[in-house]
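Engineer: Provided below: work24.cif, containing mmCIF, C-alpha atoms.
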```
data_protein
loop_
_atom_site.label_atom_id
_atom_site.label_comp_id
_atom_site.auth_asym_id
_atom_site.auth_seq_id
_atom_site.Cartn_x
_atom_site.Cartn_y
_atom_site.Cartn_z
CA MET A 21 0.61 -22.01 29.55
CA LYS A 22 3.41 -21.46 27.13
CA LYS A 23 4.26 -22.86 23.77
CA THR A 24 7.28 -21.89 21.72
CA THR A 25 7.52 -22.67 18.07
CA VAL A 26 10.62 -22.42 15.94
CA ALA A 27 9.56 -22.16 12.37
CA ALA A 28 11.69 -21.99 9.28
CA LEU A 29 10.11 -18.95 7.77
CA SER A 30 10.85 -17.88 4.26
CA ALA A 31 13.02 -14.85 3.68
CA ALA A 32 10.00 -12.93 2.55
CA LEU A 33 8.17 -13.61 5.75
CA MET A 34 11.22 -12.71 7.79
CA ILE A 35 11.41 -9.32 6.14
CA SER A 36 7.80 -8.60 6.86
CA ALA A 37 8.02 -9.72 10.47
CA PHE A 38 8.29 -6.15 11.72
CA PRO A 39 6.50 -4.05 9.16
CA GLY A 40 6.84 -0.33 9.02
CA ALA A 41 8.24 0.33 12.48
CA ALA A 42 9.17 4.01 12.27
CA HIS A 43 10.64 4.28 15.72
CA HIS A 44 13.03 1.44 16.29
CA SER A 45 14.50 -1.64 14.73
CA GLY A 46 12.91 -4.99 15.50
CA SER A 47 16.32 -6.55 15.95
CA MET A 48 15.77 -7.15 19.67
CA PHE A 49 13.13 -9.71 18.69
CA GLU A 50 13.66 -13.15 17.25
CA GLU A 51 12.56 -13.22 13.62
CA VAL A 52 12.20 -16.97 13.28
CA LYS A 53 10.82 -17.86 16.68
CA THR A 54 7.32 -17.32 17.89
CA VAL A 55 5.84 -17.64 21.33
CA THR A 56 2.17 -18.36 21.97
CA LEU A 57 0.74 -17.72 25.41
CA THR A 58 -2.65 -17.84 27.09
CA GLY A 59 -3.42 -15.45 29.90
CA VAL A 60 -5.47 -12.44 30.91
CA VAL A 61 -4.97 -8.79 30.04
CA LYS A 62 -3.30 -6.81 32.78
CA GLU A 63 -3.18 -3.50 30.93
CA PHE A 64 -3.39 -2.18 27.38
CA GLN A 65 -0.96 0.70 27.02
CA TYR A 66 -2.51 2.32 23.96
CA THR A 67 0.33 4.75 23.33
CA ASN A 68 2.77 6.24 20.86
CA PRO A 69 5.23 5.50 19.52
CA HIS A 70 4.30 1.88 20.25
CA SER A 71 1.53 0.21 22.18
CA TRP A 72 2.06 -2.54 24.71
CA LEU A 73 -0.47 -5.18 25.63
CA LEU A 74 0.50 -6.54 29.05
CA VAL A 75 -0.69 -10.08 29.69
CA ASP A 76 -0.51 -12.00 32.95
CA VAL A 77 0.44 -15.60 32.27
CA LYS A 78 0.29 -18.27 34.95
CA GLY A 79 3.08 -20.82 34.72
CA GLU A 80 2.88 -24.51 35.59
CA ASP A 81 4.29 -23.67 39.03
CA GLY A 82 1.45 -21.23 39.61
CA LYS A 83 3.70 -18.20 39.37
CA VAL A 84 2.28 -15.33 37.32
CA THR A 85 4.58 -13.56 34.86
CA THR A 86 3.61 -10.37 33.10
CA TRP A 87 4.43 -10.49 29.41
CA GLY A 88 4.46 -7.43 27.19
CA PHE A 89 3.48 -7.57 23.52
CA GLU A 90 4.57 -4.60 21.47
CA ALA A 91 2.62 -3.27 18.50
CA GLU A 92 2.39 -0.02 16.58
CA GLY A 93 0.76 3.08 17.94
CA PRO A 94 -2.95 3.89 18.12
CA SER A 95 -3.45 5.13 14.57
CA THR A 96 -2.13 1.92 13.04
CA LEU A 97 -4.03 -0.18 15.58
CA LEU A 98 -7.23 1.65 14.69
CA ARG A 99 -6.62 0.85 11.04
CA ALA A 100 -6.30 -2.78 12.14
CA GLY A 101 -9.63 -2.49 13.93
CA ILE A 102 -8.04 -2.80 17.37
CA ARG A 103 -9.48 -0.43 19.93
CA LYS A 104 -8.36 0.18 23.46
CA SER A 105 -11.70 -1.13 24.71
CA ASP A 106 -11.10 -4.49 23.01
CA PHE A 107 -8.70 -5.52 25.74
CA ALA A 108 -10.02 -4.42 29.10
CA ALA A 109 -8.18 -5.69 32.15
CA GLY A 110 -9.11 -9.29 32.85
CA THR A 111 -9.90 -10.19 29.24
CA PRO A 112 -8.72 -13.77 28.55
CA LEU A 113 -6.76 -14.26 25.34
CA THR A 114 -4.26 -16.36 23.47
CA ILE A 115 -1.55 -14.26 21.90
CA THR A 116 1.37 -14.93 19.57
CA GLY A 117 4.49 -12.91 18.94
CA HIS A 118 8.19 -12.88 18.17
CA PRO A 119 9.96 -13.15 21.55
CA MET A 120 12.92 -11.07 22.64
CA ARG A 121 16.36 -12.46 22.02
CA ASP A 122 17.53 -11.85 25.59
CA GLY A 123 14.79 -13.87 27.22
CA ARG A 124 12.89 -11.06 28.85
CA PRO A 125 9.13 -11.70 28.82
CA ALA A 126 8.28 -9.49 25.88
CA ALA A 127 7.46 -10.07 22.24
CA TYR A 128 6.43 -8.37 19.03
CA TRP A 129 2.69 -8.90 18.80
CA MET A 130 1.69 -10.84 15.68
CA ASN A 131 -1.86 -11.89 16.41
CA ALA A 132 -4.24 -12.64 19.23
CA VAL A 133 -7.53 -14.41 19.85
CA ARG A 134 -9.89 -13.00 22.46
CA LEU A 135 -11.30 -16.02 24.18
CA THR A 136 -14.62 -14.49 25.14
CA ASP A 137 -15.75 -14.42 21.51
CA ASN A 138 -12.85 -15.97 19.56
CA LYS A 139 -12.34 -12.70 17.71
CA LYS A 140 -8.92 -12.43 16.05
CA PHE A 141 -6.70 -9.36 16.18
CA ASP A 142 -3.69 -8.81 13.91
CA PRO A 143 -1.99 -5.46 14.54
CA ARG A 144 0.05 -5.77 11.37
CA SER A 145 -3.10 -5.54 9.28
CA GLY A 146 -3.06 -1.85 10.16
CA PHE A 147 -0.50 -1.40 7.42
CA VAL A 148 -2.81 -2.73 4.73
CA VAL A 149 -3.67 0.06 2.30
CA ARG A 150 -7.38 0.14 1.66
CA MET B 24 8.59 19.58 -29.22
CA SER B 25 6.71 18.20 -26.33
CA ILE B 26 8.20 16.06 -23.59
CA ASN B 27 5.76 13.43 -22.53
CA TRP B 28 5.92 12.54 -18.89
CA PRO B 29 5.69 8.80 -18.36
CA ASN B 30 2.11 9.11 -17.26
CA GLY B 31 1.31 10.49 -20.67
CA VAL B 32 0.79 14.09 -19.62
CA ALA B 33 2.65 16.67 -21.65
CA TRP B 34 5.39 17.83 -19.32
CA ALA B 35 6.93 20.78 -21.03
CA ARG B 36 7.97 22.19 -24.30
CA ILE B 37 11.52 22.38 -25.44
CA SER B 38 11.85 25.67 -27.22
CA ARG B 39 15.55 25.29 -27.67
CA ARG B 40 18.19 22.92 -26.67
CA THR B 41 21.35 23.90 -24.93
CA SER B 42 24.52 22.04 -24.10
CA ARG B 43 24.98 18.32 -23.68
CA VAL B 44 21.98 18.19 -21.44
CA GLY B 45 19.65 19.02 -24.25
CA ILE B 46 21.39 16.68 -26.61
CA GLY B 47 21.31 13.86 -24.13
CA LEU B 48 17.69 14.47 -23.40
CA LEU B 49 16.83 14.53 -27.08
CA ALA B 50 18.55 11.20 -27.46
CA SER B 51 16.53 9.74 -24.65
CA LEU B 52 13.35 11.15 -26.11
CA VAL B 53 14.06 9.55 -29.42
CA LEU B 54 14.52 6.26 -27.66
CA VAL B 55 11.14 6.54 -26.00
CA ALA B 56 9.37 8.38 -28.80
CA PRO B 57 6.53 5.88 -29.15
CA MET B 58 5.21 6.88 -25.74
CA ALA B 59 2.35 4.41 -25.76
CA GLY B 60 4.89 1.66 -25.24
CA ALA B 61 6.70 3.58 -22.56
CA GLN B 62 3.51 4.20 -20.64
CA ALA B 63 2.77 0.50 -20.55
CA ASP B 64 6.21 -0.32 -19.27
CA PRO B 65 7.00 1.14 -15.84
CA SER B 66 10.63 0.10 -16.09
CA ALA B 67 11.04 2.10 -19.31
CA ALA B 68 9.42 5.10 -17.69
CA LYS B 69 11.71 4.74 -14.72
CA ALA B 70 14.73 4.46 -16.98
CA LYS B 71 13.73 7.67 -18.68
CA MET B 72 13.43 9.51 -15.40
CA LYS B 73 16.74 8.10 -14.24
CA ALA B 74 18.33 9.32 -17.47
CA LEU B 75 16.89 12.78 -16.89
CA GLY B 76 18.65 12.87 -13.55
CA LEU B 77 21.92 11.71 -15.06
CA GLN B 78 21.78 14.52 -17.58
CA HIS B 79 22.11 17.10 -14.81
CA ASP B 80 25.06 17.63 -12.54
CA SER B 81 23.08 18.73 -9.52
CA ALA B 82 19.58 18.91 -8.14
CA TRP B 83 19.63 22.65 -8.66
CA ASP B 84 20.55 22.20 -12.33
CA LEU B 85 17.69 19.76 -12.82
CA TYR B 86 15.28 22.06 -11.00
CA GLN B 87 16.30 25.03 -13.12
CA TYR B 88 15.95 22.94 -16.25
CA LEU B 89 12.43 21.86 -15.31
CA LYS B 90 11.52 25.42 -14.45
CA LYS B 91 12.76 26.64 -17.77
CA GLN B 92 10.83 23.97 -19.61
CA ALA B 93 7.71 25.04 -17.71
CA GLY B 94 8.21 28.63 -18.78
CA GLY B 95 9.00 29.59 -15.20
CA GLY B 96 5.92 27.82 -13.85
CA GLN B 97 2.62 29.39 -12.86
CA ARG B 98 1.43 31.00 -9.68
CA LEU B 99 -1.39 28.87 -8.36
CA THR B 100 -4.74 30.61 -7.84
CA TRP B 101 -7.38 29.64 -5.31
CA GLN B 102 -9.61 28.65 -8.22
CA LYS B 103 -7.06 26.12 -9.40
CA VAL B 104 -5.92 24.68 -6.08
CA PRO B 105 -6.01 20.89 -6.55
CA ASP B 106 -7.87 18.70 -4.07
CA TRP B 107 -5.15 16.82 -2.23
CA GLY B 108 -7.29 16.53 0.89
CA GLY B 109 -7.73 13.36 2.89
CA VAL B 110 -5.54 11.07 4.93
CA TYR B 111 -2.90 9.29 2.91
CA THR B 112 -0.32 6.61 3.51
CA ARG B 113 2.48 5.13 1.49
CA THR B 114 1.06 2.93 -1.26
CA LYS B 115 3.69 0.20 -1.31
CA GLY B 116 7.26 -0.71 -0.54
CA GLY B 117 7.04 -0.84 3.23
CA THR B 118 9.70 1.59 4.34
CA ALA B 119 12.21 0.82 1.58
CA PHE B 120 13.21 4.13 0.00
CA ASP B 121 12.55 2.86 -3.51
CA PRO B 122 9.04 1.42 -3.35
CA ASP B 123 9.64 -0.42 -6.61
CA GLY B 124 13.01 -1.79 -5.54
CA PRO B 125 14.07 -4.78 -3.46
CA SER B 126 12.59 -5.19 -0.01
CA GLN B 127 14.28 -3.59 2.93
CA GLY B 128 17.11 -5.78 4.11
CA THR B 129 18.47 -6.36 0.65
CA MET B 130 20.57 -3.97 -1.42
CA PRO B 131 18.59 -0.94 -2.59
CA THR B 132 18.59 0.37 -6.15
CA ALA B 133 20.93 3.31 -5.53
CA LYS B 134 24.49 3.44 -6.81
CA PHE B 135 26.60 4.56 -3.87
CA THR B 136 30.18 5.78 -3.82
CA PRO B 137 32.68 3.14 -2.66
CA GLU B 138 32.84 4.39 0.92
CA PHE B 139 29.07 4.60 1.35
CA HIS B 140 28.56 1.34 -0.50
CA LYS B 141 30.86 -0.34 2.00
CA ARG B 142 28.92 1.17 4.88
CA LEU B 143 25.65 0.03 3.33
CA MET B 144 26.96 -3.51 2.86
CA LYS B 145 27.83 -3.65 6.54
CA THR B 146 24.36 -2.55 7.62
CA VAL B 147 22.74 -5.09 5.33
CA ALA B 148 24.98 -7.86 6.69
CA ASP B 149 24.46 -6.72 10.27
CA ARG B 150 20.69 -6.66 9.78
CA LYS B 151 20.79 -10.27 8.65
CA ALA B 152 22.74 -11.05 11.82
CA GLY B 153 20.14 -9.32 13.97
CA ILE B 154 22.27 -6.24 14.61
CA GLU B 155 20.58 -2.98 13.75
CA TYR B 156 20.12 0.43 15.28
CA ASP B 157 18.19 3.49 14.17
CA PRO B 158 18.75 6.99 15.61
CA LEU B 159 14.99 7.42 15.50
CA SER B 160 14.93 5.16 18.55
CA GLN B 161 16.15 8.09 20.59
CA CYS B 162 13.79 10.50 18.88
CA VAL B 163 16.22 11.93 16.36
CA PRO B 164 13.82 13.16 13.65
CA PRO B 165 14.03 11.33 10.34
CA GLY B 166 14.09 14.41 8.11
CA HIS B 167 13.98 14.57 4.32
CA PRO B 168 14.48 12.63 2.06
CA ARG B 169 13.78 9.82 4.53
CA TRP B 170 10.53 11.69 5.14
CA LEU B 171 9.32 10.21 1.86
CA ASP B 172 9.37 6.63 3.10
CA LEU B 173 7.92 7.13 6.56
CA PRO B 174 5.05 4.81 7.39
CA PHE B 175 1.74 5.80 9.01
CA LEU B 176 -0.51 8.68 8.03
CA ARG B 177 0.05 11.80 5.93
CA GLU B 178 -1.78 14.84 4.72
CA HIS B 179 -1.15 17.56 2.16
CA ILE B 180 -2.41 21.10 2.44
CA VAL B 181 -2.21 23.04 -0.81
CA THR B 182 -2.60 26.80 -0.93
CA PRO B 183 -1.47 29.13 -3.70
CA ASP B 184 1.67 30.33 -1.96
CA GLN B 185 2.61 27.28 0.10
CA THR B 186 2.08 23.56 0.18
CA THR B 187 2.39 21.93 3.58
CA MET B 188 3.05 18.22 3.82
CA ILE B 189 2.62 16.50 7.15
CA ALA B 190 3.76 13.05 8.18
CA GLU B 191 2.25 11.61 11.34
CA ALA B 192 5.52 9.97 12.34
CA PHE B 193 7.56 12.45 14.34
CA ASN B 194 4.92 15.12 13.55
CA SER B 195 7.19 15.96 10.65
CA VAL B 196 6.13 18.99 8.60
CA ARG B 197 7.51 20.15 5.27
CA ARG B 198 6.73 23.60 3.94
CA ILE B 199 7.15 24.17 0.23
CA TYR B 200 7.06 27.83 -0.72
CA THR B 201 5.51 28.48 -4.11
CA ASP B 202 5.22 32.24 -3.90
CA GLY B 203 8.25 32.82 -6.06
CA ARG B 204 10.78 33.24 -3.29
CA ASP B 205 14.29 31.91 -3.58
CA HIS B 206 16.16 29.74 -1.07
CA VAL B 207 17.49 31.28 2.11
CA PRO B 208 20.59 33.36 1.28
CA GLU B 209 23.89 31.53 1.55
CA GLU B 210 25.00 33.48 4.60
CA ASP B 211 21.84 32.53 6.51
CA ARG B 212 21.82 28.83 5.75
CA TYR B 213 22.13 26.02 8.26
CA PRO B 214 21.09 22.38 7.98
CA THR B 215 17.72 21.28 9.29
CA GLU B 216 15.88 17.97 9.27
CA ASN B 217 13.51 18.90 6.45
CA GLY B 218 15.67 21.56 4.84
CA ASP B 219 14.47 24.49 2.79
CA SER B 220 11.97 23.77 0.01
CA ILE B 221 10.90 26.07 -2.78
CA GLY B 222 8.76 25.13 -5.75
CA PHE B 223 6.54 26.11 -8.61
CA TRP B 224 3.43 24.76 -10.26
CA ASP B 225 3.42 23.49 -13.81
CA GLY B 226 -0.22 22.77 -14.48
CA ASP B 227 -1.21 20.13 -11.96
CA LYS B 228 2.38 19.27 -11.06
CA LEU B 229 4.24 20.68 -8.09
CA VAL B 230 7.99 20.84 -8.71
CA ILE B 231 10.17 21.15 -5.59
CA HIS B 232 13.83 21.76 -4.86
CA THR B 233 15.07 21.06 -1.35
CA ASN B 234 18.47 21.76 0.16
CA GLN B 235 20.04 22.64 3.55
CA LEU B 236 19.36 19.17 4.91
CA MET B 237 20.97 17.10 7.64
CA ALA B 238 22.81 13.83 7.23
CA HIS B 239 20.77 10.74 8.02
CA MET B 240 19.86 7.34 6.61
CA TYR B 241 17.30 6.59 3.88
CA GLU B 242 16.03 3.88 6.16
CA ARG B 243 17.57 1.07 8.14
CA ALA B 244 19.96 -0.86 5.87
CA GLN B 245 19.04 1.41 2.96
CA GLY B 246 22.13 3.62 2.86
CA GLU B 247 23.05 7.00 4.26
CA TYR B 248 23.07 10.56 2.97
CA THR B 249 25.19 13.55 3.88
CA GLU B 250 24.51 17.21 4.54
CA GLN B 251 25.17 17.83 0.88
CA VAL B 252 22.05 15.95 -0.12
CA GLU B 253 19.56 17.85 -2.29
CA THR B 254 16.39 16.67 -3.99
CA VAL B 255 14.08 17.50 -6.85
CA GLU B 256 10.52 16.25 -6.63
CA VAL B 257 7.61 16.41 -9.06
CA TRP B 258 4.33 15.75 -7.25
CA ARG B 259 1.03 15.13 -8.98
CA LYS B 260 -2.34 13.66 -8.10
CA VAL B 261 -2.81 10.97 -10.70
CA ASP B 262 -6.26 9.74 -9.73
CA ASP B 263 -8.85 10.25 -7.02
CA ARG B 264 -6.86 8.28 -4.44
CA THR B 265 -3.24 8.48 -5.57
CA ILE B 266 -0.56 11.14 -5.35
CA GLU B 267 2.77 10.30 -6.92
CA ALA B 268 6.15 11.97 -6.75
CA ASP B 269 9.10 11.58 -9.08
CA VAL B 270 12.12 12.07 -6.86
CA TRP B 271 15.76 12.61 -7.73
CA VAL B 272 18.30 12.62 -4.91
CA TYR B 273 21.73 14.15 -5.48
CA ASP B 274 24.44 13.67 -2.87
CA PRO B 275 27.94 13.58 -4.41
CA PRO B 276 29.80 12.29 -1.33
CA ALA B 277 27.43 9.33 -0.94
CA LEU B 278 25.79 8.72 -4.32
CA ALA B 279 27.81 7.90 -7.42
CA GLU B 280 24.83 9.08 -9.48
CA PRO B 281 21.43 10.61 -8.73
CA TRP B 282 18.98 8.16 -7.19
CA TYR B 283 15.65 8.29 -8.96
CA THR B 284 12.59 6.77 -7.30
CA LYS B 285 8.88 7.05 -7.85
CA GLN B 286 7.06 7.53 -4.58
CA SER B 287 3.35 6.84 -4.27
CA TYR B 288 0.77 7.65 -1.61
CA THR B 289 -2.80 6.39 -1.39
CA LYS B 290 -5.77 8.13 0.20
CA LEU B 291 -7.24 5.79 2.79
CA THR B 292 -10.92 5.03 2.71
CA ASP B 293 -12.57 6.51 5.74
CA PRO B 294 -16.36 6.24 5.48
CA ASP B 295 -16.84 6.67 9.22
CA LYS B 296 -14.53 9.70 9.42
CA ARG B 297 -12.42 8.03 12.08
CA LEU B 298 -9.00 8.66 10.68
CA ARG B 299 -7.12 11.52 12.24
CA ILE B 300 -3.53 12.60 12.42
CA ARG B 301 -2.92 13.23 16.06
CA HIS B 302 0.19 14.20 17.91
CA TRP B 303 2.77 11.43 17.68
CA ALA B 304 4.63 11.31 20.98
CA CYS B 305 8.07 9.82 20.53
CA LYS B 306 8.47 9.66 24.31
CA GLY B 307 4.92 8.55 24.95
CA ASN B 308 5.73 5.34 26.77
CA PRO B 309 8.89 4.49 28.76
CA ASN B 310 8.63 0.92 27.54
CA ASN B 311 9.66 2.24 24.12
CA ASP B 312 12.99 3.66 25.27
CA VAL B 313 15.53 1.93 23.08
CA ILE B 314 19.30 2.08 23.42
CA GLU B 315 22.14 1.18 21.10
CA THR B 316 24.03 -1.89 22.27
CA ARG B 317 27.80 -2.20 22.24
CA GLU B 318 27.53 -4.33 19.12
CA GLY B 319 25.50 -1.66 17.33
CA GLY B 320 22.15 -3.33 17.83
CA SER B 321 18.97 -2.21 19.53
CA ASP B 322 17.57 -3.12 22.92
CA PHE B 323 14.89 -1.86 25.23
CA LYS B 324 16.42 0.17 28.01
CA ASP B 325 14.09 -0.88 30.81
CA LEU B 326 10.76 -2.57 30.45
CA THR B 327 8.56 -1.55 33.34
CA PHE B 328 6.70 -4.82 33.68
CA THR B 329 9.43 -7.42 34.13
CA ASP B 330 11.18 -8.70 37.21
CA LYS B 331 14.38 -8.89 35.22
CA ASP B 332 14.26 -5.17 34.50
CA ASP B 333 13.41 -4.45 38.12
CA ASN B 334 16.56 -6.35 39.07
CA ARG B 335 18.62 -4.48 36.47
CA LYS B 336 17.55 -1.21 37.97
CA GLY B 337 18.50 -2.49 41.41
CA ASP B 338 21.94 -3.31 40.12
CA GLY B 339 22.32 0.23 38.95
CA LYS B 340 22.69 -0.93 35.35
#
```
In structure tokens, what does this structure look like?

Structural biologist:
Amino acid sequence: MKKTTVAALSAALMISAFPGAAHHSGSMFEEVKTVTLTGVVKEFQYTNPHSWLLVDVKGEDGKVTTWGFEAEGPSTLLRAGIRKSDFAAGTPLTITGHPMRDGRPAAYWMNAVRLTDNKKFDPRSGFVVR
Amino acid sequence: MSINWPNGVAWARISRRTSRVGIGLLASLVLVAPMAGAQADPSAAKAKMKALGLQHDSAWDLYQYLKKQAGGGQRLTWQKVPDWGGVYTRTKGGTAFDPDGPSQGTMPTAKFTPEFHKRLMKTVADRKAGIEYDPLSQCVPPGHPRWLDLPFLREHIVTPDQTTMIAEAFNSVRRIYTDGRDHVPEEDRYPTENGDSIGFWDGDKLVIHTNQLMAHMYERAQGEYTEQVETVEVWRKVDDRTIEADVWVYDPPALAEPWYTKQSYTKLTDPDKRLRIRHWACKGNPNNDVIETREGGSDFKDLTFTDKDDNRKGDGK
């Protein structure tokens, strides 16, 4: 299941689309497009400098595509309350991100909802100073 | 006469004034004499600090001036070591070099020389067009002064003879020697990412001069600095959770005038003692390998989970 939304975001929102990335620019991702997918976790690569949540998504033709959602590394994810154990393989979820410009199945992870308990996960909240 | 730092703490005493620097400073002090007003107005405080930078031709001149005003500074004793413990992060500003300036992606507050201004304008325009590349992508360390705006976690270890500042990103460590030593002799100097830092204590303030740095960028679309860049920093813990640093950057080839910024770092609350600074592996995941495109943008080299990347490998690309 795939849904793509093109939203006219404000300049302020565009700037904050890729907060604090120390390692690389977010220019490979679309700033004004978002993609929302529902699938199951294949693997959570809880790594530096960035983490990747790999999600298997079944298309209308039955073909499964693995999508990768990039987020910051473990210390920022922990500050966002996102632990490696939150996304064990097989966990169903709906996830939203900024897709890549070149069409590869990858995106910058904005937020996710774990469907087993409807818990929300926003990796970017790891930058909130508290 | 006492110089009041913008935070209201007596900074130093002027025993005598010398040259235009002293005269200029006196003029600025007269302008901000009613300090209560200045304290309530961050922009006025910032203007005063900017003026202080303008009154000195180089970072070394400013550092020597501050040292003189502090009577040479004091050697810190174990009894007076301030508590800078805890895990900190940048308070505000994202990764824009000036946390009080415009957001990253718009023109920063620095006044660059024509050549570097032109280069900055291009990066700002390119960023808006989705074209941007950062050498950090290939694990080139950020170095100082970019070190000041790195995101993620930080810690500060203060001892009488040395203060060590650690940024989680790139495991970047700065060592500030406060044991009275001078910089490395001229004949032994070579540029490094974090340069050579010496400093002194003036009460609860740590004053630092850093040179022997490498050219880099302040941040993406925030301008560049050269190997001639030098900085003066005045660090101070202003409350239980906040450490601030007044920073002046001098870099004649790139900056038309010193760039003053006020950096701020906040101690994160950590009731469960979960926060740790652990090794930050720049090459920790092949899916993070980023290359510079022909247009000057960024792209993932090969993502390991896509058919498209599998095909690209097969094509030998």

Engineer: What does the structure give for the distance between atom CA of B:Thr100 and atom CA of B:Gln185, in Å to one decimal?

Structural biologist: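 Calculated distance between atom CA of B:Thr100 and atom CA of B:Gln185 is 11.3 Å.
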
Engineer: Restrict the calculation to only C-alpha atoms, then for each residue of chain A with any atom at most 9 Å from an atom of chain B give the closest atom pair and their distance in Å to one decimal, rows by chain and rising residue number, as JSON lines.

Structural biologist:
```
{"residue": "A:Ala32", "atom": "CA", "partner": "B:Ser126", "partner_atom": "CA", "distance": 8.6}
{"residue": "A:Ile35", "atom": "CA", "partner": "B:Gly128", "partner_atom": "CA", "distance": 7.0}
{"residue": "A:Ser36", "atom": "CA", "partner": "B:Gly117", "partner_atom": "CA", "distance": 8.6}
{"residue": "A:Pro39", "atom": "CA", "partner": "B:Gly117", "partner_atom": "CA", "distance": 6.8}
{"residue": "A:Gly40", "atom": "CA", "partner": "B:Pro174", "partner_atom": "CA", "distance": 5.7}
{"residue": "A:Ala41", "atom": "CA", "partner": "B:Pro174", "partner_atom": "CA", "distance": 7.5}
{"residue": "A:Ala42", "atom": "CA", "partner": "B:Pro174", "partner_atom": "CA", "distance": 6.4}
{"residue": "A:His43", "atom": "CA", "partner": "B:Ser160", "partner_atom": "CA", "distance": 5.2}
{"residue": "A:His44", "atom": "CA", "partner": "B:Ser160", "partner_atom": "CA", "distance": 4.7}
{"residue": "A:Ser45", "atom": "CA", "partner": "B:Tyr156", "partner_atom": "CA", "distance": 6.0}
{"residue": "A:Gly46", "atom": "CA", "partner": "B:Ser321", "partner_atom": "CA", "distance": 7.8}
{"residue": "A:Ser47", "atom": "CA", "partner": "B:Gly153", "partner_atom": "CA", "distance": 5.1}
{"residue": "A:Met48", "atom": "CA", "partner": "B:Asp322", "partner_atom": "CA", "distance": 5.5}
{"residue": "A:Phe49", "atom": "CA", "partner": "B:Gly153", "partner_atom": "CA", "distance": 8.5}
{"residue": "A:Glu50", "atom": "CA", "partner": "B:Gly153", "partner_atom": "CA", "distance": 8.2}
{"residue": "A:Glu51", "atom": "CA", "partner": "B:Gly153", "partner_atom": "CA", "distance": 8.5}
{"residue": "A:Gln65", "atom": "CA", "partner": "B:Asn308", "partner_atom": "CA", "distance": 8.1}
{"residue": "A:Thr67", "atom": "CA", "partner": "B:Gly307", "partner_atom": "CA", "distance": 6.2}
{"residue": "A:Asn68", "atom": "CA", "partner": "B:Gly307", "partner_atom": "CA", "distance": 5.2}
{"residue": "A:Pro69", "atom": "CA", "partner": "B:Cys305", "partner_atom": "CA", "distance": 5.3}
{"residue": "A:His70", "atom": "CA", "partner": "B:Asn311", "partner_atom": "CA", "distance": 6.6}
{"residue": "A:Ser71", "atom": "CA", "partner": "B:Asn308", "partner_atom": "CA", "distance": 8.1}
{"residue": "A:Trp72", "atom": "CA", "partner": "B:Asn310", "partner_atom": "CA", "distance": 7.9}
{"residue": "A:Leu74", "atom": "CA", "partner": "B:Phe328", "partner_atom": "CA", "distance": 7.9}
{"residue": "A:Thr85", "atom": "CA", "partner": "B:Thr329", "partner_atom": "CA", "distance": 7.9}
{"residue": "A:Thr86", "atom": "CA", "partner": "B:Phe328", "partner_atom": "CA", "distance": 6.4}
{"residue": "A:Trp87", "atom": "CA", "partner": "B:Phe328", "partner_atom": "CA", "distance": 7.5}
{"residue": "A:Gly88", "atom": "CA", "partner": "B:Phe328", "partner_atom": "CA", "distance": 7.3}
{"residue": "A:Glu90", "atom": "CA", "partner": "B:Asn311", "partner_atom": "CA", "distance": 8.9}
{"residue": "A:Gly93", "atom": "CA", "partner": "B:Trp303", "partner_atom": "CA", "distance": 8.6}
{"residue": "A:Ser95", "atom": "CA", "partner": "B:Phe175", "partner_atom": "CA", "distance": 7.6}
{"residue": "A:Thr96", "atom": "CA", "partner": "B:Phe175", "partner_atom": "CA", "distance": 6.8}
{"residue": "A:Leu98", "atom": "CA", "partner": "B:Leu298", "partner_atom": "CA", "distance": 8.3}
{"residue": "A:Arg99", "atom": "CA", "partner": "B:Leu298", "partner_atom": "CA", "distance": 8.2}
{"residue": "A:Arg124", "atom": "CA", "partner": "B:Lys331", "partner_atom": "CA", "distance": 6.9}
{"residue": "A:Pro125", "atom": "CA", "partner": "B:Thr329", "partner_atom": "CA", "distance": 6.8}
{"residue": "A:Ala126", "atom": "CA", "partner": "B:Thr329", "partner_atom": "CA", "distance": 8.6}
{"residue": "A:Phe147", "atom": "CA", "partner": "B:Phe175", "partner_atom": "CA", "distance": 7.7}
{"residue": "A:Val149", "atom": "CA", "partner": "B:Thr114", "partner_atom": "CA", "distance": 6.6}
{"residue": "A:Arg150", "atom": "CA", "partner": "B:Leu291", "partner_atom": "CA", "distance": 5.8}
```

Engineer: Point out the residue among A:Leu73, A:Val55, A:Met130, A:Ala91 with the least atom-to-atom distance to A:Ser105, counting only C-alpha atoms.

Structural biologist: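 Among A:Leu73, A:Val55, A:Met130, A:Ala91, it is A:Leu73 that comes nearest to A:Ser105.
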
Engineer: Mind telling me what the PyMOL selection byres ((chain A and resi 56) around 6) catches here, as a PDB file with C-alpha atoms, in the coordinates of the input?

Structural biologist:
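Below is the file out.pdb, written as the result:
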```
ATOM      1  CA  LYS A  23       4.260 -22.860  23.770  1.00  0.00           C
ATOM      2  CA  VAL A  55       5.840 -17.640  21.330  1.00  0.00           C
ATOM      3  CA  LEU A  57       0.740 -17.720  25.410  1.00  0.00           C
ATOM      4  CA  ILE A 115      -1.550 -14.260  21.900  1.00  0.00           C
ATOM      5  CA  THR A 116       1.370 -14.930  19.570  1.00  0.00           C
TER       6      THR A 116
END
```

Engineer: Give me, please, the distance in Å between atom CA of A:His118 and atom CA of A:Gly82, quoted to one decimal.

Structural biologist: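 Distance between the two atoms: 24.0 Å.
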
Engineer: Could you check which residues have any atom within 6 Å of (18.6, 11.1, 9.1), counting only C-alpha atoms with coordinates taken straight from the file, and then list them as an MDAnalysis selection string?

Structural biologist: chainID B and resid 165:166 238:240
